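Everything below belongs to run-v3.csv, which stores CSV, C-alpha atoms.
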chain,number,residue,atom,x,y,z
H,260,ALA,CA,-13.9,-8.7,41.5
H,261,GLU,CA,-12.9,-5.0,41.4
H,262,ALA,CA,-10.5,-3.7,44.0
H,263,ASP,CA,-11.5,-0.5,45.5
H,264,LEU,CA,-10.9,1.9,48.3
H,265,VAL,CA,-13.9,2.0,50.6
H,266,PRO,CA,-14.8,4.4,53.4
H,267,GLY,CA,-14.9,3.0,56.9
H,268,ASN,CA,-13.4,3.2,60.4
H,269,PRO,CA,-10.6,3.3,59.5
H,270,CYS,CA,-9.7,3.0,55.8
H,271,PHE,CA,-6.0,3.7,55.3
H,272,VAL,CA,-2.6,2.2,55.4
H,273,VAL,CA,-1.0,2.9,58.8
H,274,GLY,CA,2.7,3.2,59.1
H,275,HIS,CA,3.4,4.0,55.4
H,276,ASP,CA,3.5,7.6,54.3
H,277,PHE,CA,2.5,7.2,50.6
H,278,ARG,CA,0.1,9.2,48.5
H,279,LEU,CA,0.1,6.9,45.5
H,280,VAL,CA,-0.6,3.2,45.4
H,281,TYR,CA,-0.3,0.8,42.5
H,282,TYR,CA,-1.9,-2.5,42.3
H,283,ALA,CA,-2.3,-5.3,39.7
H,284,LYS,CA,-5.5,-7.3,39.9
H,285,GLY,CA,-5.9,-11.0,39.3
H,286,LYS,CA,-8.9,-11.6,37.1
H,287,HIS,CA,-10.8,-13.5,39.8
H,288,SER,CA,-9.2,-12.1,42.9
H,289,PRO,CA,-11.5,-11.3,45.9
H,290,PRO,CA,-12.1,-7.6,46.8
H,291,VAL,CA,-9.2,-5.9,48.7
H,292,PHE,CA,-9.9,-3.0,51.0
H,293,ILE,CA,-7.7,-0.6,52.8
H,294,GLY,CA,-7.8,-1.4,56.5
H,295,GLY,CA,-6.6,-0.2,59.8
H,296,ARG,CA,-3.3,-2.2,59.8
H,297,GLY,CA,-2.7,-2.4,56.1
H,298,LEU,CA,-4.7,-4.3,53.5
H,299,PHE,CA,-7.2,-6.9,54.3
H,300,SER,CA,-9.8,-8.9,52.4
H,301,GLN,CA,-11.7,-12.2,52.9
H,302,SER,CA,-10.5,-14.7,55.5
H,303,ASP,CA,-9.0,-16.9,52.8
H,304,VAL,CA,-6.3,-14.4,51.8
H,305,CYS,CA,-2.7,-14.7,52.8
H,306,MET,CA,-1.2,-11.2,53.1
H,307,VAL,CA,2.6,-10.8,52.6
H,308,GLU,CA,4.3,-7.5,53.4
H,309,VAL,CA,7.8,-6.6,52.4
H,310,ASP,CA,9.6,-3.3,52.9
H,311,MET,CA,11.8,-3.0,49.8
H,312,LYS,CA,14.1,-0.4,51.2
H,313,ASN,CA,15.5,-3.1,53.4
H,314,TYR,CA,16.5,-5.2,50.5
H,315,VAL,CA,17.9,-2.8,47.8
H,316,VAL,CA,21.3,-4.6,48.0
H,317,SER,CA,20.0,-8.1,48.6
H,318,TYR,CA,17.6,-9.8,46.3
H,319,ASP,CA,18.2,-13.0,48.3
H,320,GLY,CA,17.1,-11.3,51.5
H,321,PHE,CA,13.9,-10.1,49.7
H,322,PHE,CA,13.2,-13.6,48.4
H,323,GLU,CA,13.9,-15.2,51.8
H,324,ASP,CA,11.5,-12.7,53.5
H,325,LEU,CA,8.8,-13.9,51.1
H,326,VAL,CA,9.6,-17.5,51.7
H,327,GLY,CA,9.4,-17.0,55.5
H,328,GLN,CA,6.0,-15.5,55.2
H,329,LEU,CA,4.5,-17.8,52.6
H,330,CYS,CA,5.9,-21.0,54.1
H,331,PRO,CA,5.7,-22.9,50.8
H,332,GLU,CA,6.0,-26.7,50.6
H,333,PHE,CA,8.9,-26.3,48.2
H,334,VAL,CA,10.9,-23.2,47.2
H,335,PRO,CA,11.1,-22.5,43.4
H,336,GLN,CA,13.6,-20.0,41.9
H,337,ARG,CA,11.0,-17.8,40.3
H,338,LEU,CA,9.1,-15.2,42.2
H,339,ASN,CA,5.8,-15.7,40.6
H,340,ASP,CA,6.1,-19.5,40.9
H,341,LEU,CA,6.8,-19.0,44.7
H,342,VAL,CA,3.6,-17.0,45.1
H,343,GLN,CA,1.4,-19.2,43.0
H,344,GLY,CA,2.7,-22.4,44.5
H,345,ALA,CA,2.1,-21.1,48.0
H,346,ALA,CA,-1.5,-20.1,47.1
H,347,GLN,CA,-2.2,-23.5,45.6
H,348,SER,CA,-0.7,-25.4,48.5
H,349,GLN,CA,-2.5,-23.3,51.1
H,350,GLN,CA,-5.7,-23.1,49.0
H,351,ARG,CA,-5.8,-19.3,49.7
H,352,HIS,CA,-5.3,-16.2,47.6
H,353,VAL,CA,-2.1,-14.4,48.2
H,354,LEU,CA,-1.8,-10.6,48.4
H,355,VAL,CA,1.8,-9.4,47.9
H,356,MET,CA,2.4,-5.9,49.2
H,357,LEU,CA,5.8,-4.3,48.4
H,358,TYR,CA,6.2,-1.1,50.4
H,359,ASN,CA,8.8,1.5,49.5
H,360,PHE,CA,9.0,0.0,46.0
H,361,ASP,CA,10.6,3.2,44.7
H,362,ALA,CA,13.7,2.3,46.7
H,363,LEU,CA,14.5,0.1,43.6
H,364,LEU,CA,13.9,2.9,41.1
H,365,ASP,CA,16.1,5.6,39.6
H,366,ASP,CA,19.2,3.4,39.8
H,367,PRO,CA,20.0,3.5,43.6
H,368,ALA,CA,23.5,2.8,44.7
H,369,GLY,CA,24.2,-0.9,45.3
H,370,LEU,CA,21.0,-2.2,43.6
H,371,HIS,CA,21.3,-6.0,43.4
H,372,ASP,CA,21.8,-7.4,39.9
H,373,ARG,CA,18.8,-9.7,40.2
H,374,TYR,CA,16.5,-6.7,40.3
H,375,ASP,CA,16.3,-6.8,36.5
H,376,ALA,CA,13.9,-7.2,33.6
H,377,THR,CA,13.1,-10.8,34.7
H,378,PHE,CA,12.1,-9.4,38.2
H,379,LEU,CA,9.7,-6.9,36.7
H,380,ASN,CA,8.3,-9.6,34.3
H,381,GLN,CA,7.7,-11.9,37.2
H,382,LEU,CA,5.8,-9.2,39.0
H,383,ASN,CA,3.7,-8.5,35.9
H,384,ALA,CA,3.0,-12.2,35.6
H,385,LEU,CA,1.2,-12.1,39.0
H,386,ARG,CA,-1.6,-10.1,37.2
H,387,ASN,CA,-2.4,-13.0,35.0
H,388,THR,CA,-3.1,-15.5,37.8
H,389,SER,CA,-6.4,-16.0,39.6
H,390,CYS,CA,-4.8,-16.8,42.9
H,391,ALA,CA,-2.6,-13.7,43.6
H,392,ARG,CA,-2.6,-10.0,43.6
H,393,LEU,CA,0.2,-7.5,43.7
H,394,LEU,CA,0.3,-4.1,45.4
H,395,CYS,CA,3.4,-1.8,45.1
H,396,VAL,CA,3.5,1.4,47.2
H,397,THR,CA,5.6,4.4,46.0
H,398,ARG,CA,5.8,8.1,46.7
H,399,GLN,CA,5.7,9.0,43.0
H,400,PRO,CA,4.2,7.3,39.9
H,401,HIS,CA,6.6,4.5,39.1
H,402,ASN,CA,6.3,5.2,35.4
H,403,GLN,CA,8.0,8.6,36.0
H,404,SER,CA,11.1,6.8,37.2
H,405,VAL,CA,13.7,4.6,35.5
H,406,PHE,CA,14.6,1.0,36.3
H,407,LYS,CA,18.1,-0.1,35.2
H,408,GLY,CA,18.2,2.8,32.8
H,409,HIS,CA,14.8,2.3,31.3
H,410,SER,CA,11.3,3.5,32.0
H,411,SER,CA,9.6,1.1,34.4
H,412,TRP,CA,7.3,-1.2,32.5
H,413,LEU,CA,5.3,-2.5,35.4
H,414,ASN,CA,1.7,-2.9,34.1
H,415,LEU,CA,-0.1,-1.6,37.2
H,416,GLU,CA,-3.1,0.6,37.7
H,417,LEU,CA,-2.9,3.9,39.7
H,418,MET,CA,-4.9,4.3,42.9
H,419,HIS,CA,-4.9,7.4,45.1
H,420,LEU,CA,-5.2,7.1,48.8
H,421,PRO,CA,-8.1,9.3,49.9
H,422,ASP,CA,-7.6,12.3,52.2
H,423,LEU,CA,-8.1,11.3,55.8
H,424,THR,CA,-11.2,12.6,57.5
H,425,ASP,CA,-11.4,13.6,61.2
H,426,ARG,CA,-13.6,10.5,61.9
H,427,GLN,CA,-11.0,8.2,60.4
H,428,ILE,CA,-8.2,9.8,62.3
H,429,ALA,CA,-10.1,9.6,65.6
H,430,ALA,CA,-11.0,6.0,64.9
H,431,GLU,CA,-7.4,5.0,64.4
H,432,LEU,CA,-6.3,6.9,67.5
H,433,ALA,CA,-9.0,5.0,69.4
H,434,ARG,CA,-7.4,1.7,68.5
H,435,TYR,CA,-4.5,2.4,70.9
H,436,PRO,CA,-5.4,2.2,74.6
H,437,ASP,CA,-2.0,3.4,75.5
H,438,LEU,CA,-2.5,6.8,73.9
H,439,HIS,CA,-3.2,8.7,77.1
H,440,LEU,CA,-5.0,11.7,75.6
H,441,ASP,CA,-8.2,13.2,76.9
H,442,GLU,CA,-10.9,14.3,74.5
H,443,ASN,CA,-9.6,17.8,74.1
H,444,LEU,CA,-6.1,16.6,73.3
H,445,LYS,CA,-7.4,14.1,70.9
H,446,ALA,CA,-9.5,16.7,69.2
H,447,TYR,CA,-6.4,19.0,68.9
H,448,LEU,CA,-4.3,16.1,67.5
H,449,VAL,CA,-7.0,15.1,65.0
H,450,GLU,CA,-7.2,18.7,63.7
H,451,GLN,CA,-3.5,19.0,63.3
H,452,ILE,CA,-3.3,15.7,61.4
H,453,GLU,CA,-6.2,16.4,59.2
H,454,THR,CA,-4.8,19.7,57.9
H,455,GLU,CA,-1.3,18.3,57.2
H,456,PRO,CA,-0.7,17.4,53.5
H,457,LEU,CA,1.4,14.4,54.7
H,458,ALA,CA,-1.4,13.3,57.1
H,459,TYR,CA,-0.7,9.6,56.8
H,460,HIS,CA,2.8,10.1,57.9
H,461,LEU,CA,2.0,12.5,60.7
H,462,LEU,CA,-0.6,10.1,62.0
H,463,GLU,CA,1.8,7.2,62.1
H,464,ARG,CA,4.6,9.2,63.7
H,465,ALA,CA,2.3,10.7,66.3
H,466,ILE,CA,1.0,7.3,67.4
H,467,TYR,CA,4.5,5.9,67.6
H,468,ARG,CA,5.7,8.9,69.6
H,469,LEU,CA,2.8,9.3,72.0
H,470,ARG,CA,2.1,5.7,73.0
H,471,GLY,CA,2.6,5.3,76.7
H,472,MET,CA,3.3,9.0,77.3
H,473,GLN,CA,1.5,11.4,79.5
H,474,VAL,CA,1.3,14.9,77.9
H,475,ASN,CA,-0.4,18.2,78.4
H,476,ARG,CA,-1.5,20.5,75.6
H,477,GLU,CA,1.7,22.5,75.5
H,478,ALA,CA,3.8,19.3,75.3
H,479,LEU,CA,1.5,17.9,72.6
H,480,LYS,CA,1.9,21.2,70.6
H,481,LEU,CA,5.7,20.9,70.8
H,482,ILE,CA,5.6,17.3,69.7
H,483,VAL,CA,3.4,18.0,66.7
H,484,LYS,CA,5.5,20.9,65.7
H,485,GLU,CA,8.6,18.7,65.9
H,486,LEU,CA,7.0,15.9,63.9
H,487,ASN,CA,5.8,18.4,61.2
H,488,ARG,CA,9.3,19.8,60.9
H,489,LYS,CA,10.7,16.3,60.3
H,490,LEU,CA,8.2,15.7,57.5
H,491,LYS,CA,9.4,18.6,55.4

Rewrite the structure of this file - the entire thing - as structure tokens.
Amino acid sequence: AEADLVPGNPCFVVGHDFRLVYYAKGKHSPPVFIGGRGLFSQSDVCMVEVDMKNYVVSYDGFFEDLVGQLCPEFVPQRLNDLVQGAAQSQQRHVLVMLYNFDALLDDPAGLHDRYDATFLNQLNALRNTSCARLLCVTRQPHNQSVFKGHSSWLNLELMHLPDLTDRQIAAELARYPDLHLDENLKAYLVEQIETEPLAYHLLERAIYRLRGMQVNREALKLIVKELNRKLK
């Protein structure tokens, strides 16, 4: 089945300011769609999310995070064996989402030794299984960066996140009952987000900042201006 971005209410990754998404497709994986709280698919899919910027210096921490989410019957040493084993034991497909993957690229200080050629090969191996799918999220194309002094050889396809529409932004804001904004304030906020090049990021930050707050138009303008300034 072909993975695809589909329109809907909403259809974007919330909480992750990235314009470029890479994914590797298992040959018989079910469709994966962008959803309001990340990626979702059929009910028989186990979704695993790891923020790689938290584990630049600790491969063991990264692996333990995966283990904690997958809850396998046994813990192998190889990444792809872990994912495939969990899928088989749970009789579900596994979708592995690695956010901030570019935290591992361009030779960052303190990068753990186990992020090596074997690590990339194991990620690539997930493409060849029918029970798993990999999605890596970066700010720039990974093949424009280096990994341990070499060009990244992840065999992944490029997928662009679509621009947000006013309806999608409004639908996401409506998901939070503790956003105390009247219709005029919501309309203003939607307009500001829609016209911002880093709209995904502004949307995520605005929701985080405004939840539980009571604001008037002037206060909202100041908050949006402050958030925009921090995006630059």

**Prompt:** Pick the closest to Leu457 (chain H) from H:Pro436, H:Gly471, H:Pro421, H:Gly327: which is it, counting only C-alpha atoms?
**Reply:**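 Among H:Pro436, H:Gly471, H:Pro421, H:Gly327, it is H:Pro421 that comes nearest to Leu457 (chain H).
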
**Message:** If I take CA of Glu308 (chain H) and CA of Glu485 (chain H), how far is one from the other in Å, to one decimal?
**Reply:**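 Straight-line distance from CA of Glu308 (chain H) to CA of Glu485 (chain H) works out to 29.3 Å.
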
**Prompt:** Do you know which residues lie at most 10 Å from (8.7, -6.2, 46.4), with coordinates as in the file and all atoms listed in the file counted, and could you write them as a VMD selection string?
**Reply:** chain H and resid 307 to 312 314 to 315 318 321 to 322 325 338 355 to 363 374 378 to 379 382 393 to 396

Produce a file of the selected residues containing C-alpha atoms, as a PDB file, in the coordinates of the input.
ATOM      1  CA  VAL H 307       2.600 -10.800  52.600  1.00  0.00           C
ATOM      2  CA  GLU H 308       4.300  -7.500  53.400  1.00  0.00           C
ATOM      3  CA  VAL H 309       7.800  -6.600  52.400  1.00  0.00           C
ATOM      4  CA  ASP H 310       9.600  -3.300  52.900  1.00  0.00           C
ATOM      5  CA  MET H 311      11.800  -3.000  49.800  1.00  0.00           C
ATOM      6  CA  LYS H 312      14.100  -0.400  51.200  1.00  0.00           C
ATOM      7  CA  TYR H 314      16.500  -5.200  50.500  1.00  0.00           C
ATOM      8  CA  VAL H 315      17.900  -2.800  47.800  1.00  0.00           C
ATOM      9  CA  TYR H 318      17.600  -9.800  46.300  1.00  0.00           C
ATOM     10  CA  PHE H 321      13.900 -10.100  49.700  1.00  0.00           C
ATOM     11  CA  PHE H 322      13.200 -13.600  48.400  1.00  0.00           C
ATOM     12  CA  LEU H 325       8.800 -13.900  51.100  1.00  0.00           C
ATOM     13  CA  LEU H 338       9.100 -15.200  42.200  1.00  0.00           C
ATOM     14  CA  VAL H 355       1.800  -9.400  47.900  1.00  0.00           C
ATOM     15  CA  MET H 356       2.400  -5.900  49.200  1.00  0.00           C
ATOM     16  CA  LEU H 357       5.800  -4.300  48.400  1.00  0.00           C
ATOM     17  CA  TYR H 358       6.200  -1.100  50.400  1.00  0.00           C
ATOM     18  CA  ASN H 359       8.800   1.500  49.500  1.00  0.00           C
ATOM     19  CA  PHE H 360       9.000   0.000  46.000  1.00  0.00           C
ATOM     20  CA  ASP H 361      10.600   3.200  44.700  1.00  0.00           C
ATOM     21  CA  ALA H 362      13.700   2.300  46.700  1.00  0.00           C
ATOM     22  CA  LEU H 363      14.500   0.100  43.600  1.00  0.00           C
ATOM     23  CA  TYR H 374      16.500  -6.700  40.300  1.00  0.00           C
ATOM     24  CA  PHE H 378      12.100  -9.400  38.200  1.00  0.00           C
ATOM     25  CA  LEU H 379       9.700  -6.900  36.700  1.00  0.00           C
ATOM     26  CA  LEU H 382       5.800  -9.200  39.000  1.00  0.00           C
ATOM     27  CA  LEU H 393       0.200  -7.500  43.700  1.00  0.00           C
ATOM     28  CA  LEU H 394       0.300  -4.100  45.400  1.00  0.00           C
ATOM     29  CA  CYS H 395       3.400  -1.800  45.100  1.00  0.00           C
ATOM     30  CA  VAL H 396       3.500   1.400  47.200  1.00  0.00           C
TER      31      VAL H 396
END

**Message:** What does the structure give for the distance between CA of Pro335 (chain H) and CA of Arg373 (chain H), in Å to one decimal?
**Reply:**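 Going from CA of Pro335 (chain H) over to CA of Arg373 (chain H), I get 15.3 Å.
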
**Prompt:** With distances taken over only C-alpha atoms, which of H:Gln347, H:Ser410, H:Thr377, H:Ser389 is nearest to Asp365 (chain H)?
**Reply:** H:Ser410

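Separating CA of Leu415 (chain H) from CA of Leu462 (chain H) is a distance of 27.4 Å.
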
**Request:** Counting all atoms listed in the file, note down every residue that has an atom within 12 Å of the point (8.7, 16.0, 64.2) (file coordinates), as a VMD selection string.
**Result:** chain H and resid 460 to 465 467 to 469 479 to 491

**Asked** Using all atoms listed in the file, which residue out of H:Val304, H:Cys330, H:Ile452, H:Glu442 lies closest to Ala391 (chain H)?
**Response**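 Nearest candidate to Ala391 (chain H) out of H:Val304, H:Cys330, H:Ile452, H:Glu442: H:Val304.
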
**Item:** Counting all atoms listed in the file, the option among H:Ala433, H:Asn443, H:Gln381, H:Thr397 closest to Arg337 (chain H)
**Value:**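 Ranked by minimum distance to Arg337 (chain H), first place goes to H:Gln381.
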
**Request:** Could you check which of H:Leu329, H:Ala430, H:Leu385, H:Leu448 is closest to Ala346 (chain H), using only C-alpha atoms?
**Result:** H:Leu329

Given 4 Å on each side, where is the centre and what are the edge lengths in Å to one decimal of the axis-aligned box enclosing the listed atoms of region 438-443 of chain H, as AutoDock Vina command-line options?
--center_x -6.7 --center_y 12.3 --center_z 75.5 --size_x 16.4 --size_y 19.0 --size_z 11.2
